[in-house]
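Have a look at the structure below, then the notes.
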Amino acid sequence: MIGPTMMSHSLPLVTEQHPQDQAEIETLLDLAFGIGRRAKTTYRLREGNVAAAGLSLIVREAGFGIVGSISFWPILIGEAQTPALLLGPLAIHPQRQNQGIGRALLHESLAKAKVLGHKLIILIGDAPYYLKAGFRYAPVNQIEMPGPVDPKRLLYLELEAGSLAQAQGLALPLFRWSEIIALRGAT
Ligand SMILES: CC(C)(COP(=O)(O)OP(=O)(O)OC[C@H]1O[C@@H](n2cnc3c(N)ncnc32)[C@H](O)[C@@H]1OP(=O)(O)O)[C@@H](O)C(=O)NCCC(=O)NCCS
């Protein structure tokens with residue numbers, strides 16, 4: 001059986017999430033973030049949205065279950081409708097944290113996102129963790145989120161140099177922008 005010590009010395013195997021993993025992942029997210037997690041602003045960008053294809057990844061440990069998961073959500077930023085991905089949640093089981101699983105999921109998913117042609121990633125999260133992975137603080141007041149955000153937790157990563165400059169204004173999923181544009185057309 002693979003125990004905590006072995007996990008910390010072997011590279012976590014990152015695989016794609018399957019629909020049947022969803023219930024287990026929801027439990028993992030409750031464990032990692034608490035059951036109040038859905039009140040967070042990031043959930044306003046996930047509700048009704050569909051996770052970005054090919055970027056919902058997990059790490060599974062034999063005899064334990066899913067120990068880590070990450071997903072990304074397509075959003076459009078500002079009137080220019082600049083496409084970006086919202087990263088998250090990235091969650092590691094409390095009994096398997098600080099063993100490199102989060103780092104492995106981040107590394108693999110960001111590499112895949114780049115190959116898939118995504119240009120800009122944003123997230124709301126613990127800056128000390130994500131700065132080490134190459135993220136930077138978003139310039140104050142450049143990107144507006146659909147709910148309260150601590151500016152010190154709003155971060156970005158350019159997968160294509162210069163992509164942040166185009167991202168100015170409110171971040172929303174495509175279907176929310178479509179609703180807004182339809183409403184404008186009707187008035
Ligand atoms: C935060 C989280 C994703 C990190 O993943 P992980 O697999 O536990 O951590 P990793 O093994 O990839 O990285 C470990 C390193 O990150 C640091 N670290 C871990 N969690 C951190 C956090 N919340 N903030 C800052 N640094 C953190 C560790 O101190 C360690 O640093 P070192 O390499 O200098 O020793 C994971 O711990 C988790 O799901 N936590 C619960 C949810 C949470 O608190 N999320 C906050 C971030 S949005």
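If you're wondering about the labels, chains in the structure tokens are A, B, ... by order shown, residues count from 1 in each chain, ligands from 1 in order shown.
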Q: Collect all residues with atoms no farther than 9 Å from ligand 1, counting only C-alpha atoms and all ligand atoms, and output them as number ranges by chain.
A: A: 8, 28-29, 31-34, 68-70, 88-94, 96-106, 123-130, 132, 153
I need the residues from that last selection saved to file as an mmCIF file, in the first residue's frame (with C-alpha atoms), if you can.
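Below is the file that was written, result-v3.cif:
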```
data_model
loop_
_atom_site.group_PDB
_atom_site.id
_atom_site.type_symbol
_atom_site.label_atom_id
_atom_site.label_comp_id
_atom_site.auth_asym_id
_atom_site.auth_seq_id
_atom_site.Cartn_x
_atom_site.Cartn_y
_atom_site.Cartn_z
ATOM 1 C CA SER A 8 6.346 12.286 -0.862
ATOM 2 C CA LEU A 28 -12.533 16.494 -1.346
ATOM 3 C CA LEU A 29 -13.409 20.162 -1.958
ATOM 4 C CA LEU A 31 -12.670 18.776 3.173
ATOM 5 C CA ALA A 32 -10.113 21.212 1.738
ATOM 6 C CA PHE A 33 -12.178 24.426 1.722
ATOM 7 C CA GLY A 34 -15.097 23.785 4.085
ATOM 8 C CA GLY A 68 -5.940 16.078 -5.391
ATOM 9 C CA SER A 69 -7.942 17.834 -8.053
ATOM 10 C CA ILE A 70 -7.772 20.933 -10.227
ATOM 11 C CA GLY A 88 -9.627 26.523 -9.352
ATOM 12 C CA PRO A 89 -10.417 24.938 -7.198
ATOM 13 C CA LEU A 90 -7.044 23.325 -6.641
ATOM 14 C CA ALA A 91 -7.532 21.096 -3.633
ATOM 15 C CA ILE A 92 -5.410 18.485 -1.924
ATOM 16 C CA HIS A 93 -6.745 16.090 0.700
ATOM 17 C CA PRO A 94 -5.794 17.361 4.185
ATOM 18 C CA ARG A 96 -1.835 14.481 1.681
ATOM 19 C CA GLN A 97 -0.943 18.192 1.682
ATOM 20 C CA ASN A 98 2.640 19.458 1.289
ATOM 21 C CA GLN A 99 3.803 16.358 -0.572
ATOM 22 C CA GLY A 100 4.108 17.966 -4.020
ATOM 23 C CA ILE A 101 0.667 16.929 -5.288
ATOM 24 C CA GLY A 102 -0.590 20.506 -5.710
ATOM 25 C CA ARG A 103 2.603 21.465 -7.510
ATOM 26 C CA ALA A 104 2.287 18.463 -9.856
ATOM 27 C CA LEU A 105 -1.341 19.270 -10.698
ATOM 28 C CA LEU A 106 -0.467 22.911 -11.333
ATOM 29 C CA LEU A 123 -7.249 32.988 -9.886
ATOM 30 C CA ILE A 124 -8.207 34.071 -6.414
ATOM 31 C CA GLY A 125 -6.020 32.259 -3.912
ATOM 32 C CA ASP A 126 -3.131 32.229 -1.473
ATOM 33 C CA ALA A 127 -0.505 34.432 -3.121
ATOM 34 C CA PRO A 128 2.517 32.924 -1.312
ATOM 35 C CA TYR A 129 1.697 29.553 -2.876
ATOM 36 C CA TYR A 130 0.890 30.681 -6.418
ATOM 37 C CA LYS A 132 6.117 30.397 -6.453
ATOM 38 C CA ARG A 153 -5.460 37.304 -3.633
#
```
Q. Among chain A, which residues carry a DSSP assignment of strand (DSSP E), reported as a PyMOL selection string?
A. chain A and resi 14-16+57-61+65-77+82-92+120-124+136-137+143-144+154-158+169-172
Go ahead and save the residues from that selection, with N, CA and C atoms, as a compact mmCIF listing (two decimals), in the first residue's frame.
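Resulting contents of part-v1.txt:
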```
# COMPACT_ATOMS: atom_id res chain seq x y z
N VAL A 14 -0.63 12.26 -12.49
CA VAL A 14 -1.77 13.16 -12.80
C VAL A 14 -2.55 12.57 -13.97
N THR A 15 -3.87 12.44 -13.80
CA THR A 15 -4.71 11.89 -14.87
C THR A 15 -5.93 12.78 -15.06
N GLU A 16 -6.66 12.53 -16.14
CA GLU A 16 -7.87 13.32 -16.40
C GLU A 16 -9.01 12.86 -15.50
N LEU A 57 -8.12 17.80 -13.86
CA LEU A 57 -7.15 16.73 -13.60
C LEU A 57 -7.22 16.30 -12.13
N ILE A 58 -6.79 15.07 -11.91
CA ILE A 58 -6.79 14.54 -10.53
C ILE A 58 -5.50 13.76 -10.27
N VAL A 59 -5.24 13.55 -9.01
CA VAL A 59 -4.25 12.54 -8.59
C VAL A 59 -4.98 11.55 -7.71
N ARG A 60 -4.86 10.28 -8.04
CA ARG A 60 -5.53 9.23 -7.29
C ARG A 60 -4.47 8.35 -6.63
N GLU A 61 -4.69 8.01 -5.38
CA GLU A 61 -3.76 7.14 -4.67
C GLU A 61 -4.45 5.79 -4.42
N GLY A 65 -7.94 6.83 -2.62
CA GLY A 65 -8.93 7.56 -3.43
C GLY A 65 -8.30 8.80 -4.04
N ILE A 66 -9.15 9.73 -4.43
CA ILE A 66 -8.64 10.96 -5.06
C ILE A 66 -8.02 11.84 -3.98
N VAL A 67 -6.76 12.19 -4.18
CA VAL A 67 -6.05 13.00 -3.17
C VAL A 67 -5.86 14.44 -3.62
N GLY A 68 -6.10 14.71 -4.91
CA GLY A 68 -5.94 16.08 -5.39
C GLY A 68 -6.74 16.30 -6.65
N SER A 69 -7.20 17.53 -6.83
CA SER A 69 -7.94 17.83 -8.05
C SER A 69 -7.77 19.30 -8.42
N ILE A 70 -7.85 19.56 -9.72
CA ILE A 70 -7.77 20.93 -10.23
C ILE A 70 -8.71 21.06 -11.42
N SER A 71 -9.28 22.23 -11.58
CA SER A 71 -10.07 22.49 -12.79
C SER A 71 -9.94 23.97 -13.17
N PHE A 72 -10.36 24.26 -14.38
CA PHE A 72 -10.26 25.62 -14.94
C PHE A 72 -11.59 25.95 -15.62
N TRP A 73 -11.93 27.24 -15.66
CA TRP A 73 -13.23 27.66 -16.17
C TRP A 73 -13.06 28.79 -17.18
N PRO A 74 -13.68 28.66 -18.36
CA PRO A 74 -13.53 29.71 -19.35
C PRO A 74 -14.32 30.96 -18.95
N ILE A 75 -13.68 32.09 -19.05
CA ILE A 75 -14.36 33.37 -18.76
C ILE A 75 -13.97 34.37 -19.84
N LEU A 76 -14.74 35.46 -19.91
CA LEU A 76 -14.42 36.55 -20.81
C LEU A 76 -14.29 37.81 -19.96
N ILE A 77 -13.25 38.59 -20.22
CA ILE A 77 -12.99 39.75 -19.36
C ILE A 77 -13.25 41.04 -20.12
N THR A 82 -12.17 39.53 -23.64
CA THR A 82 -10.88 38.85 -23.69
C THR A 82 -10.97 37.49 -23.01
N PRO A 83 -10.68 36.42 -23.73
CA PRO A 83 -10.80 35.10 -23.11
C PRO A 83 -9.68 34.84 -22.10
N ALA A 84 -10.06 34.17 -21.02
CA ALA A 84 -9.09 33.76 -20.01
C ALA A 84 -9.66 32.52 -19.33
N LEU A 85 -8.84 31.89 -18.51
CA LEU A 85 -9.31 30.77 -17.70
C LEU A 85 -9.22 31.16 -16.23
N LEU A 86 -10.26 30.82 -15.48
CA LEU A 86 -10.21 30.92 -14.03
C LEU A 86 -9.68 29.60 -13.50
N LEU A 87 -8.57 29.65 -12.76
CA LEU A 87 -8.01 28.42 -12.17
C LEU A 87 -8.70 28.15 -10.83
N GLY A 88 -9.15 26.92 -10.66
CA GLY A 88 -9.63 26.52 -9.35
C GLY A 88 -10.95 25.78 -9.41
N PRO A 89 -11.27 25.09 -8.36
CA PRO A 89 -10.42 24.94 -7.20
C PRO A 89 -9.26 23.96 -7.44
N LEU A 90 -8.15 24.28 -6.79
CA LEU A 90 -7.04 23.33 -6.64
C LEU A 90 -7.13 22.86 -5.19
N ALA A 91 -7.34 21.60 -5.00
CA ALA A 91 -7.53 21.10 -3.63
C ALA A 91 -6.79 19.79 -3.43
N ILE A 92 -6.13 19.70 -2.30
CA ILE A 92 -5.41 18.48 -1.92
C ILE A 92 -6.01 17.98 -0.61
N LEU A 120 -4.22 33.24 -21.00
CA LEU A 120 -4.20 33.98 -19.73
C LEU A 120 -4.96 33.19 -18.67
N ILE A 121 -4.35 33.08 -17.48
CA ILE A 121 -4.99 32.40 -16.35
C ILE A 121 -5.15 33.42 -15.23
N ILE A 122 -6.32 33.42 -14.60
CA ILE A 122 -6.45 34.23 -13.38
C ILE A 122 -6.95 33.32 -12.26
N LEU A 123 -6.74 33.75 -11.03
CA LEU A 123 -7.25 32.99 -9.89
C LEU A 123 -7.37 33.90 -8.68
N ILE A 124 -8.16 33.44 -7.74
CA ILE A 124 -8.21 34.07 -6.41
C ILE A 124 -7.70 33.01 -5.45
N ARG A 136 1.46 36.29 -10.76
CA ARG A 136 1.76 37.65 -10.32
C ARG A 136 0.48 38.29 -9.81
N TYR A 137 0.64 39.34 -9.00
CA TYR A 137 -0.54 40.09 -8.54
C TYR A 137 -1.17 40.80 -9.73
N ILE A 143 -8.94 44.11 -13.35
CA ILE A 143 -9.93 43.04 -13.56
C ILE A 143 -10.94 43.10 -12.43
N GLU A 144 -12.21 43.18 -12.82
CA GLU A 144 -13.29 43.25 -11.83
C GLU A 144 -13.95 41.87 -11.73
N LEU A 154 -5.91 38.26 -5.84
CA LEU A 154 -6.25 38.18 -7.27
C LEU A 154 -4.95 38.15 -8.08
N LEU A 155 -4.71 37.01 -8.73
CA LEU A 155 -3.42 36.76 -9.38
C LEU A 155 -3.62 36.39 -10.84
N TYR A 156 -2.56 36.52 -11.62
CA TYR A 156 -2.66 36.13 -13.03
C TYR A 156 -1.36 35.46 -13.48
N LEU A 157 -1.47 34.71 -14.56
CA LEU A 157 -0.30 34.12 -15.22
C LEU A 157 -0.52 34.24 -16.72
N GLU A 158 0.41 34.87 -17.40
CA GLU A 158 0.34 34.96 -18.87
C GLU A 158 0.95 33.70 -19.47
N GLY A 169 -11.64 44.95 -17.10
CA GLY A 169 -13.08 45.05 -16.84
C GLY A 169 -13.61 43.83 -16.12
N LEU A 170 -14.93 43.63 -16.28
CA LEU A 170 -15.62 42.60 -15.51
C LEU A 170 -15.40 41.22 -16.10
N ALA A 171 -15.07 40.27 -15.23
CA ALA A 171 -14.90 38.87 -15.64
C ALA A 171 -16.22 38.13 -15.44
N LEU A 172 -16.69 37.49 -16.52
CA LEU A 172 -17.94 36.72 -16.45
C LEU A 172 -17.84 35.52 -17.39
```
Q) So which residues touch Ala80 of chain A within 9 Å, counting only C-alpha atoms, skipping near sequence neighbours fewer than 6 positions away, as a PyMOL selection string? A) chain A and resi 166-169
Atoms to include: N, CA and C atoms. Write the selected residues as an mmCIF file, in the first residue's frame.
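The resulting part.cif:
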```cif
data_model
loop_
_atom_site.group_PDB
_atom_site.id
_atom_site.type_symbol
_atom_site.label_atom_id
_atom_site.label_comp_id
_atom_site.auth_asym_id
_atom_site.auth_seq_id
_atom_site.Cartn_x
_atom_site.Cartn_y
_atom_site.Cartn_z
ATOM 1 N N GLN A 166 -4.861 43.046 -22.492
ATOM 2 C CA GLN A 166 -6.187 43.065 -23.152
ATOM 3 C C GLN A 166 -7.311 42.796 -22.155
ATOM 4 N N ALA A 167 -6.962 42.382 -20.950
ATOM 5 C CA ALA A 167 -7.978 41.927 -19.986
ATOM 6 C C ALA A 167 -8.316 43.045 -19.010
ATOM 7 N N GLN A 168 -9.318 43.850 -19.357
ATOM 8 C CA GLN A 168 -9.685 44.981 -18.514
ATOM 9 C C GLN A 168 -11.188 45.014 -18.348
ATOM 10 N N GLY A 169 -11.644 44.951 -17.098
ATOM 11 C CA GLY A 169 -13.080 45.047 -16.843
ATOM 12 C C GLY A 169 -13.608 43.827 -16.118
#
```
Q: Report the distance between atom CA of Lys114 of chain A and atom CA of Ile25 of chain A in Å, rounded to one decimal place.
A: 24.4 Å
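Using only C-alpha atoms, the smallest distance between any of A:His107, A:Arg176, A:His18, A:His118 and Leu45 of chain A comes from A:Arg176.
Separating atom CA of Arg44 of chain A from atom CA of Met145 of chain A is a distance of 8.9 Å.
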Q: Name the residues of segment 5-153 of chain A that fall into helix (DSSP H, G or I) according to DSSP on the backbone, using the chain letters and numbers of this document, as a count of residues only.
A: 56
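You will find atom CA of Lys112 of chain A at 7.1 Å from atom CA of Leu55 of chain A.
Distances to Leu116 of chain A were evaluated for A:Ile181, A:Ala53, A:Ala161, A:Ala138 using only C-alpha atoms, and the minimum falls at A:Ala53.
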